[in-house]
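To start, the structure itself, in structure tokens.
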Amino acid sequence: MSELKRSFEVSMQTLLQRIAERSAHVCVVGLGYVGLPLAVEFAKAGFRVTGLDTDTERVAGINAGHCHIQDVSSLELQQMVESGHLQATHDFAVLRDVDTISICVPTPLRKTKDPDISYIISATGEICQRLHPGQLIVLESTTYPGTTDEVILPQMQATGLQVGKDFFLAFSPERIDPGNATFHLTNTPKLIGGITAACTEVATHLYEQIIATVVPVSSSRTAEMVKLLENTFRAVNIGLVNEVALMCARLGLDVWEVINAAATKPFGFMPFYPGPGLGGHCIPLDPHYLAWKLKTLDYRARFIELADDINTSMPHYVVTRIADVLNNLHKSIKGSKILILGVAYKPDTNDIRESPALEVIRLLCDKGGEVCFHDPYITQVDIPGLEYTELSASLLQWADCIVITTHHSTYDYDWIVARAKLIVDTRNATRYVKEGREKIHKL
Ligand SMILES: NC(=O)c1ccc[n+]([C@@H]2O[C@H](COP(=O)([O-])OP(=O)(O)OC[C@H]3O[C@@H](n4cnc5c(N)ncnc54)[C@H](O)[C@@H]3O)[C@@H](O)[C@H]2O)c1
């Protein structure tokens, strides 16, 4: 056996053993919605975990046991910090000591809707300065096919270390659905696509320690593409039902009745529901990563473009609906008192990123509406002059029009409708309300 092959097997076997024994030092880079739950889960499994984040306030908060993510229990976080299993830092020097690194940094879009992978590149640069034999690096951030092998791998190989021999590199997309009470990190199957078979094997071994089902795929590119298929599938289907909502409005039909009736078919149909537009950090953004990559290969991703057109036009449609229902009462948006209920992008979370409610509010303010909002989970919104208001009977009676933009389950819709003058319900949140239905106008 050659010297090189023996040293490779030693570093791989050592790492596999350290993982199995839970003596591996695990690092998670980026402690947000994705990274913090992951870090806590590794810590709960008995690993020594260091979370690395450039946000010093976030780091201090985590070390003090304060949790900023709804899906992570503050008690568990505190226990992990107090037991010494989890600590956070902003000092990249720790990368010299760790055995595994999971990268969970943001992947936003530029203003031009092109991918911004600068956070990945910056984190990779820090890792490359400290890369050493026997380390596993897993990228979890959503990105376009080719990022791991075209962007990260060359930077790492430039250190002189060899992938699959000295260090191991894989892509494993995060699939968490914040606020989902049934599926969470440990029971959602996890895909792993390594650069080499050895990379897949080591990464699979690591994630099997905390996740019930790990699904290896043939390459990092395949894993990157699977994630974008999943999110493009949602964006396109939501675009389809949003267009069906526009069609049903013209036909005088209730789109929710149509969808729910179609959903009684036990095969070949999966219900998606319309709304005021797309929100969150994933579905509105990720398909653009795929479309951009295809553009570099001289291919236009037409479904993605069309779905984006329809989904981004929905806040405008909602405002047209509000104008129409006010008009029927001889009122205009200008000067009307409008209460927005729910600004999170989806029910029962405090995540406001890309929320379509914000666009609805901006458009209403532009048209001279007197707008205020309530959300059980959010009290601050970055729109000048827009104020959070406590929900009360007098607030409901004050509003000329109430717009339900997020269907939080904590709202008592019977109570709301009973006190409202007029409601535009963009989510069919009031479906079980029996009294006062004449005041409700659906999308
Ligand atoms: N939020 C979701 O539901 C979700 C689901 C699946 C996938 N994703 C993907 O996961 C990735 C992370 O998303 P998120 O929602 O956790 O983002 P987030 O903004 O909540 O957290 C990212 C964290 O990374 C930190 N950070 C930024 N640059 C850094 C650097 N160079 N080094 C260390 N830390 C750095 C930030 O300070 C922040 O705390 C994105 O690619 C996203 O598309 C998100």
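If you're wondering about the labels, chains in the structure tokens are A, B, ... by order shown, residues count from 1 in each chain, ligands from 1 in order shown.
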
Problem set entry | Surrounding residues as a VMD selection string, ligand 1, max 8 Å, only C-alpha atoms and all ligand atoms | chain A and resid 29 to 36 52 to 55 58 90 104 to 108 119 to 124 126 140 to 143 173 to 178 280 to 282 285 to 286

Problem set entry | Spatial neighbours of Asn187 (chain A), 12 Å, only C-alpha atoms, chain gap at least 4 places, as a ChimeraX atom specification | /A:41,175-177,180-183,207-208,210-214

Exercise. Which residues come within 12 Å of Asn260 (chain A), counting only C-alpha atoms, excluding same-chain residues fewer than 3 positions away, as a PyMOL selection string?
Worked result: chain A and resi 241+254-257+263-266+269-274+428

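Proximity to Val49 (chain A) at 10 Å, evaluated using only C-alpha atoms and with sequence-adjacent residues fewer than 6 positions away removed, yields Ala24, His25, Val26, Cys27, Val28, Leu38, Ala39, Val40, Glu41, Phe42, Ala43, Met80, Val81, Gly84, His85, Leu86, Gln87, Ala88, Val98, Thr100 and Ile101 of chain A.
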
For this session: Check region 97-290 of chain A with DSSP on the backbone and list each residue it calls strand (DSSP E), as a PyMOL selection string.
Result: chain A and resi 100-103+135-139+167-171+190-194+214-217
